[in-house]
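Heads up, target.pdb below (PDB, C-alpha atoms):
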ATOM      1  CA  MET C   1      33.621 -16.498 -88.460  1.00  0.00           C
ATOM      2  CA  LYS C   2      29.992 -15.984 -87.388  1.00  0.00           C
ATOM      3  CA  LYS C   3      30.981 -12.708 -85.753  1.00  0.00           C
ATOM      4  CA  LEU C   4      32.620 -11.427 -88.910  1.00  0.00           C
ATOM      5  CA  VAL C   5      29.522 -12.326 -90.957  1.00  0.00           C
ATOM      6  CA  LEU C   6      27.345 -10.469 -88.443  1.00  0.00           C
ATOM      7  CA  LEU C   7      29.518  -7.341 -88.700  1.00  0.00           C
ATOM      8  CA  LEU C   8      29.469  -7.536 -92.489  1.00  0.00           C
ATOM      9  CA  PHE C   9      25.673  -7.871 -92.420  1.00  0.00           C
ATOM     10  CA  LEU C  10      25.358  -4.784 -90.190  1.00  0.00           C
ATOM     11  CA  PHE C  11      27.608  -2.849 -92.531  1.00  0.00           C
ATOM     12  CA  LEU C  12      25.678  -3.805 -95.675  1.00  0.00           C
ATOM     13  CA  PHE C  13      22.367  -3.173 -93.906  1.00  0.00           C
ATOM     14  CA  SER C  14      23.451   0.385 -93.176  1.00  0.00           C
ATOM     15  CA  LEU C  15      24.208   0.908 -96.861  1.00  0.00           C
ATOM     16  CA  ALA C  16      20.718  -0.249 -97.805  1.00  0.00           C
ATOM     17  CA  LEU C  17      19.114   2.187 -95.338  1.00  0.00           C
ATOM     18  CA  SER C  18      20.770   5.216 -96.871  1.00  0.00           C
ATOM     19  CA  PRO C  19      19.460   6.534-100.200  1.00  0.00           C
ATOM     20  CA  GLU C  20      22.524   8.809-100.427  1.00  0.00           C
ATOM     21  CA  THR C  21      25.030   5.917-100.526  1.00  0.00           C
ATOM     22  CA  GLN C  22      26.570   7.189-103.752  1.00  0.00           C
ATOM     23  CA  ALA C  23      27.678  10.324-101.901  1.00  0.00           C
ATOM     24  CA  GLY C  24      29.321   8.418 -99.038  1.00  0.00           C
ATOM     25  CA  TYR C  25      32.957   7.625 -98.475  1.00  0.00           C
ATOM     26  CA  PHE C  26      35.058   5.075 -96.625  1.00  0.00           C
ATOM     27  CA  GLU C  27      37.614   5.710 -93.899  1.00  0.00           C
ATOM     28  CA  VAL C  28      40.230   3.023 -93.266  1.00  0.00           C
ATOM     29  CA  SER C  29      42.377   3.158 -90.154  1.00  0.00           C
ATOM     30  CA  GLY C  30      44.766   1.082 -88.120  1.00  0.00           C
ATOM     31  CA  SER C  31      46.586   1.435 -84.843  1.00  0.00           C
ATOM     32  CA  GLY C  32      48.942  -0.499 -82.650  1.00  0.00           C
ATOM     33  CA  SER C  33      50.236  -0.401 -79.118  1.00  0.00           C
ATOM     34  CA  TYR C  34      53.262  -1.840 -77.330  1.00  0.00           C
ATOM     35  CA  ARG C  35      54.046  -1.292 -73.661  1.00  0.00           C
ATOM     36  CA  LYS C  36      56.693  -2.970 -71.530  1.00  0.00           C
ATOM     37  CA  THR C  37      56.863  -2.344 -67.806  1.00  0.00           C
ATOM     38  CA  THR C  38      60.000  -3.634 -66.115  1.00  0.00           C
ATOM     39  CA  TYR C  39      60.481  -3.822 -62.364  1.00  0.00           C
ATOM     40  CA  ASP C  40      63.715  -5.836 -62.634  1.00  0.00           C
ATOM     41  CA  LYS C  41      65.044  -8.576 -64.938  1.00  0.00           C
ATOM     42  CA  ASP C  42      62.747 -11.206 -63.347  1.00  0.00           C
ATOM     43  CA  ASN C  43      59.557  -9.129 -62.995  1.00  0.00           C
ATOM     44  CA  TYR C  44      57.994  -7.457 -66.027  1.00  0.00           C
ATOM     45  CA  SER C  45      54.838  -7.088 -68.072  1.00  0.00           C
ATOM     46  CA  ILE C  46      54.454  -6.775 -71.854  1.00  0.00           C
ATOM     47  CA  TYR C  47      51.240  -5.637 -73.565  1.00  0.00           C
ATOM     48  CA  ARG C  48      50.714  -5.416 -77.323  1.00  0.00           C
ATOM     49  CA  SER C  49      47.632  -4.851 -79.434  1.00  0.00           C
ATOM     50  CA  GLY C  50      46.566  -4.019 -82.959  1.00  0.00           C
ATOM     51  CA  THR C  51      43.318  -2.610 -84.297  1.00  0.00           C
ATOM     52  CA  ALA C  52      41.976  -2.264 -87.827  1.00  0.00           C
ATOM     53  CA  SER C  53      38.725  -0.524 -88.712  1.00  0.00           C
ATOM     54  CA  VAL C  54      36.637   0.536 -91.672  1.00  0.00           C
ATOM     55  CA  ALA C  55      34.021   3.275 -91.389  1.00  0.00           C
ATOM     56  CA  TYR C  56      31.449   4.132 -94.030  1.00  0.00           C
ATOM     57  CA  TYR C  57      30.031   7.658 -93.902  1.00  0.00           C
ATOM     58  CA  PHE C  58      26.488   7.147 -95.195  1.00  0.00           C
ATOM     59  CA  TRP C  59      25.492  10.729 -94.367  1.00  0.00           C
ATOM     60  CA  GLU C  60      27.829  13.681 -94.127  1.00  0.00           C
ATOM     61  CA  LEU C  61      27.952  13.568 -90.333  1.00  0.00           C
ATOM     62  CA  SER C  62      27.143   9.885 -89.614  1.00  0.00           C
ATOM     63  CA  ALA C  63      29.073   6.667 -90.129  1.00  0.00           C
ATOM     64  CA  LEU C  64      29.052   2.982 -89.301  1.00  0.00           C
ATOM     65  CA  GLU C  65      32.445   1.668 -88.212  1.00  0.00           C
ATOM     66  CA  ILE C  66      33.398  -1.987 -87.915  1.00  0.00           C
ATOM     67  CA  SER C  67      36.602  -2.882 -86.124  1.00  0.00           C
ATOM     68  CA  TYR C  68      38.796  -5.808 -85.154  1.00  0.00           C
ATOM     69  CA  THR C  69      41.236  -5.733 -82.231  1.00  0.00           C
ATOM     70  CA  LYS C  70      43.680  -8.418 -81.124  1.00  0.00           C
ATOM     71  CA  ALA C  71      45.697  -8.022 -77.916  1.00  0.00           C
ATOM     72  CA  ARG C  72      48.101 -10.083 -75.818  1.00  0.00           C
ATOM     73  CA  GLN C  73      49.534  -9.515 -72.366  1.00  0.00           C
ATOM     74  CA  ASP C  74      52.389 -11.442 -70.764  1.00  0.00           C
ATOM     75  CA  GLU C  75      53.133 -10.939 -67.103  1.00  0.00           C
ATOM     76  CA  VAL C  76      56.258 -12.529 -65.628  1.00  0.00           C
ATOM     77  CA  LYS C  77      56.906 -12.461 -61.895  1.00  0.00           C
ATOM     78  CA  THR C  78      59.248 -14.519 -59.741  1.00  0.00           C
ATOM     79  CA  GLN C  79      56.226 -16.361 -58.249  1.00  0.00           C
ATOM     80  CA  TYR C  80      54.092 -16.818 -61.387  1.00  0.00           C
ATOM     81  CA  GLU C  81      53.591 -16.205 -65.122  1.00  0.00           C
ATOM     82  CA  SER C  82      50.355 -15.336 -66.875  1.00  0.00           C
ATOM     83  CA  ARG C  83      49.432 -14.857 -70.510  1.00  0.00           C
ATOM     84  CA  SER C  84      46.129 -13.514 -71.782  1.00  0.00           C
ATOM     85  CA  PHE C  85      44.630 -13.012 -75.228  1.00  0.00           C
ATOM     86  CA  VAL C  86      41.722 -10.712 -76.069  1.00  0.00           C
ATOM     87  CA  THR C  87      39.876 -10.322 -79.363  1.00  0.00           C
ATOM     88  CA  PHE C  88      37.185  -7.693 -80.003  1.00  0.00           C
ATOM     89  CA  TYR C  89      34.798  -7.450 -82.967  1.00  0.00           C
ATOM     90  CA  GLY C  90      33.070  -4.074 -82.815  1.00  0.00           C
ATOM     91  CA  ALA C  91      30.397  -2.045 -84.566  1.00  0.00           C
ATOM     92  CA  ASP C  92      29.847   1.634 -83.735  1.00  0.00           C
ATOM     93  CA  LEU C  93      27.767   4.523 -85.022  1.00  0.00           C
ATOM     94  CA  ILE C  94      29.876   7.669 -85.327  1.00  0.00           C
ATOM     95  CA  PHE C  95      28.341  11.137 -85.139  1.00  0.00           C
ATOM     96  CA  THR C  96      30.635  13.932 -86.345  1.00  0.00           C
ATOM     97  CA  LEU C  97      30.005  17.339 -84.777  1.00  0.00           C
ATOM     98  CA  ALA C  98      31.439  19.414 -87.665  1.00  0.00           C
ATOM     99  CA  GLY C  99      30.940  19.507 -91.425  1.00  0.00           C
ATOM    100  CA  LYS C 100      33.025  17.573 -93.940  1.00  0.00           C
ATOM    101  CA  GLN C 101      34.829  20.770 -94.998  1.00  0.00           C
ATOM    102  CA  SER C 102      35.951  21.638 -91.459  1.00  0.00           C
ATOM    103  CA  LEU C 103      39.654  21.109 -90.683  1.00  0.00           C
ATOM    104  CA  PHE C 104      38.818  20.124 -87.064  1.00  0.00           C
ATOM    105  CA  GLN C 105      36.121  17.461 -86.711  1.00  0.00           C
ATOM    106  CA  PRO C 106      35.144  16.311 -83.206  1.00  0.00           C
ATOM    107  CA  TYR C 107      33.048  13.128 -82.953  1.00  0.00           C
ATOM    108  CA  ILE C 108      31.246  10.811 -80.548  1.00  0.00           C
ATOM    109  CA  LYS C 109      30.527   7.142 -81.100  1.00  0.00           C
ATOM    110  CA  VAL C 110      28.365   4.438 -79.538  1.00  0.00           C
ATOM    111  CA  GLY C 111      27.961   0.785 -80.314  1.00  0.00           C
ATOM    112  CA  ALA C 112      28.677  -2.752 -79.196  1.00  0.00           C
ATOM    113  CA  SER C 113      31.590  -5.154 -79.228  1.00  0.00           C
ATOM    114  CA  TYR C 114      31.822  -8.930 -79.033  1.00  0.00           C
ATOM    115  CA  GLN C 115      34.756  -9.964 -76.874  1.00  0.00           C
ATOM    116  CA  ASP C 116      36.614 -13.244 -76.572  1.00  0.00           C
ATOM    117  CA  LYS C 117      39.098 -13.449 -73.678  1.00  0.00           C
ATOM    118  CA  ASN C 118      41.234 -16.409 -72.641  1.00  0.00           C
ATOM    119  CA  GLY C 119      44.511 -16.994 -70.899  1.00  0.00           C
ATOM    120  CA  THR C 120      46.785 -19.176 -68.830  1.00  0.00           C
ATOM    121  CA  TYR C 121      48.404 -18.970 -65.428  1.00  0.00           C
ATOM    122  CA  ARG C 122      51.372 -20.868 -64.025  1.00  0.00           C
ATOM    123  CA  GLN C 123      52.878 -20.646 -60.561  1.00  0.00           C
ATOM    124  CA  ALA C 124      56.579 -21.384 -60.162  1.00  0.00           C
ATOM    125  CA  ASN C 125      57.344 -25.101 -60.552  1.00  0.00           C
ATOM    126  CA  GLN C 126      53.685 -25.937 -61.345  1.00  0.00           C
ATOM    127  CA  LEU C 127      51.710 -26.954 -64.450  1.00  0.00           C
ATOM    128  CA  VAL C 128      50.019 -24.369 -66.682  1.00  0.00           C
ATOM    129  CA  VAL C 129      46.397 -23.739 -65.701  1.00  0.00           C
ATOM    130  CA  PRO C 130      43.967 -22.396 -68.323  1.00  0.00           C
ATOM    131  CA  LEU C 131      41.848 -19.486 -67.063  1.00  0.00           C
ATOM    132  CA  THR C 132      38.091 -19.374 -67.549  1.00  0.00           C
ATOM    133  CA  GLU C 133      37.253 -18.137 -71.041  1.00  0.00           C
ATOM    134  CA  VAL C 134      35.067 -15.035 -71.235  1.00  0.00           C
ATOM    135  CA  LYS C 135      32.866 -14.410 -74.275  1.00  0.00           C
ATOM    136  CA  GLY C 136      30.043 -11.961 -74.799  1.00  0.00           C
ATOM    137  CA  TRP C 137      28.737  -8.596 -75.902  1.00  0.00           C
ATOM    138  CA  ALA C 138      29.513  -5.281 -74.239  1.00  0.00           C
ATOM    139  CA  PRO C 139      28.473  -1.680 -74.957  1.00  0.00           C
ATOM    140  CA  THR C 140      31.121   0.636 -76.391  1.00  0.00           C
ATOM    141  CA  GLY C 141      31.500   4.374 -76.663  1.00  0.00           C
ATOM    142  CA  GLY C 142      34.067   7.014 -77.384  1.00  0.00           C
ATOM    143  CA  VAL C 143      34.947  10.608 -78.134  1.00  0.00           C
ATOM    144  CA  GLY C 144      37.683  12.144 -80.218  1.00  0.00           C
ATOM    145  CA  PHE C 145      38.530  14.374 -83.130  1.00  0.00           C
ATOM    146  CA  LYS C 146      40.100  14.372 -86.586  1.00  0.00           C
ATOM    147  CA  ILE C 147      42.428  17.000 -87.965  1.00  0.00           C
ATOM    148  CA  ILE C 148      42.271  17.114 -91.748  1.00  0.00           C
ATOM    149  CA  LEU C 149      45.748  17.411 -93.320  1.00  0.00           C
ATOM    150  CA  GLY C 150      44.779  17.009 -96.968  1.00  0.00           C
ATOM    151  CA  GLN C 151      42.059  15.704 -99.244  1.00  0.00           C
ATOM    152  CA  HIS C 152      42.796  12.048 -98.374  1.00  0.00           C
ATOM    153  CA  VAL C 153      44.811  12.267 -95.131  1.00  0.00           C
ATOM    154  CA  ALA C 154      43.815  13.008 -91.548  1.00  0.00           C
ATOM    155  CA  ILE C 155      45.094  12.438 -88.039  1.00  0.00           C
ATOM    156  CA  LYS C 156      42.517  10.922 -85.742  1.00  0.00           C
ATOM    157  CA  THR C 157      42.760  10.667 -81.963  1.00  0.00           C
ATOM    158  CA  GLY C 158      40.258   9.569 -79.376  1.00  0.00           C
ATOM    159  CA  ILE C 159      39.343   7.595 -76.311  1.00  0.00           C
ATOM    160  CA  ASP C 160      37.235   4.440 -76.555  1.00  0.00           C
ATOM    161  CA  ALA C 161      35.736   2.370 -73.772  1.00  0.00           C
TER
END
Would you mind writing the structure in this file as structure tokens?
Amino acid sequence: MKKLVLLLFLFLFSLALSPETQAGYFEVSGSGSYRKTTYDKDNYSIYRSGTASVAYYFWELSALEISYTKARQDEVKTQYESRSFVTFYGADLIFTLAGKQSLFQPYIKVGASYQDKNGTYRQANQLVVPLTEVKGWAPTGGVGFKIILGQHVAIKTGIDA
């Protein structure tokens, strides 16, 4: 909960810094991923994740984006099973490299993300062992572009790290 309050504070702080806030707009997005890799019926891996984000464009070419990502990975092998959970709370500044009227809008973004990772591991015929939990901040960055399809609809693609 503290992390969510911190992200909300950063978001509201950015609104206070911008005298042009009445001219800004919000961008809401979501994405999901599912991948299953099967070696045979006893050896496979399943990964799934979901991300939701809200960006506020406080200047025509600049935005603050807050995001939430939840992911889970299950790996099943004949010798062991593992399950891991990852949660990210992120805040990024987005810099668009084209005007608001352009149909093709490339962008770059930089920021930080708080991550919370935990998981379990179990060898065949053994008890479940919890893995060491990892928590902390990490830098983030990305590049991508938007293709504007209409006044309120766009397709956005990119690579984040």
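Taking atom CA of Asn43 of chain C and atom CA of Ala71 of chain C as the two end points, the separation is 20.4 Å.
Proximity ranking of C:Ser84, C:Gln151, C:Ser31, C:Thr38 relative to Leu103 of chain C places C:Gln151 first, based on all atoms listed in the file.
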Query raised in the report: Taking the file as shown, what set of residues would the PyMOL selection byres ((chain C and resi 77-83) around 10) give back, as an MDAnalysis selection string?
Result: chainID C and resid 39:47 72:76 84:85 118:126 128:131
Same residues, C-alpha atoms, output as a tab-separated table (two decimals), in the frame of the given file:
chain	number	residue	atom	x	y	z
C	39	TYR	CA	60.48	-3.82	-62.36
C	40	ASP	CA	63.72	-5.84	-62.63
C	41	LYS	CA	65.04	-8.58	-64.94
C	42	ASP	CA	62.75	-11.21	-63.35
C	43	ASN	CA	59.56	-9.13	-63.00
C	44	TYR	CA	57.99	-7.46	-66.03
C	45	SER	CA	54.84	-7.09	-68.07
C	46	ILE	CA	54.45	-6.78	-71.85
C	47	TYR	CA	51.24	-5.64	-73.56
C	72	ARG	CA	48.10	-10.08	-75.82
C	73	GLN	CA	49.53	-9.52	-72.37
C	74	ASP	CA	52.39	-11.44	-70.76
C	75	GLU	CA	53.13	-10.94	-67.10
C	76	VAL	CA	56.26	-12.53	-65.63
C	84	SER	CA	46.13	-13.51	-71.78
C	85	PHE	CA	44.63	-13.01	-75.23
C	118	ASN	CA	41.23	-16.41	-72.64
C	119	GLY	CA	44.51	-16.99	-70.90
C	120	THR	CA	46.78	-19.18	-68.83
C	121	TYR	CA	48.40	-18.97	-65.43
C	122	ARG	CA	51.37	-20.87	-64.03
C	123	GLN	CA	52.88	-20.65	-60.56
C	124	ALA	CA	56.58	-21.38	-60.16
C	125	ASN	CA	57.34	-25.10	-60.55
C	126	GLN	CA	53.68	-25.94	-61.34
C	128	VAL	CA	50.02	-24.37	-66.68
C	129	VAL	CA	46.40	-23.74	-65.70
C	130	PRO	CA	43.97	-22.40	-68.32
C	131	LEU	CA	41.85	-19.49	-67.06
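Within the 6 Å cut-off around Tyr56 of chain C, using only C-alpha atoms and omitting residues fewer than 5 positions from it on the same chain, the listed residues are Tyr25, Phe26, Ala63 and Leu64 of chain C.
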Requested in this report: Translate the PyMOL selection byres ((chain C and resi 113) around 9), as applied to the file shown, into an explicit residue set as a list in words.
Outcome: Ser67, Phe88, Tyr89, Gly90, Ala91, Asp92, Gly111, Ala112, Tyr114, Gln115, Gly136, Trp137, Ala138, Pro139 and Thr140 of chain C
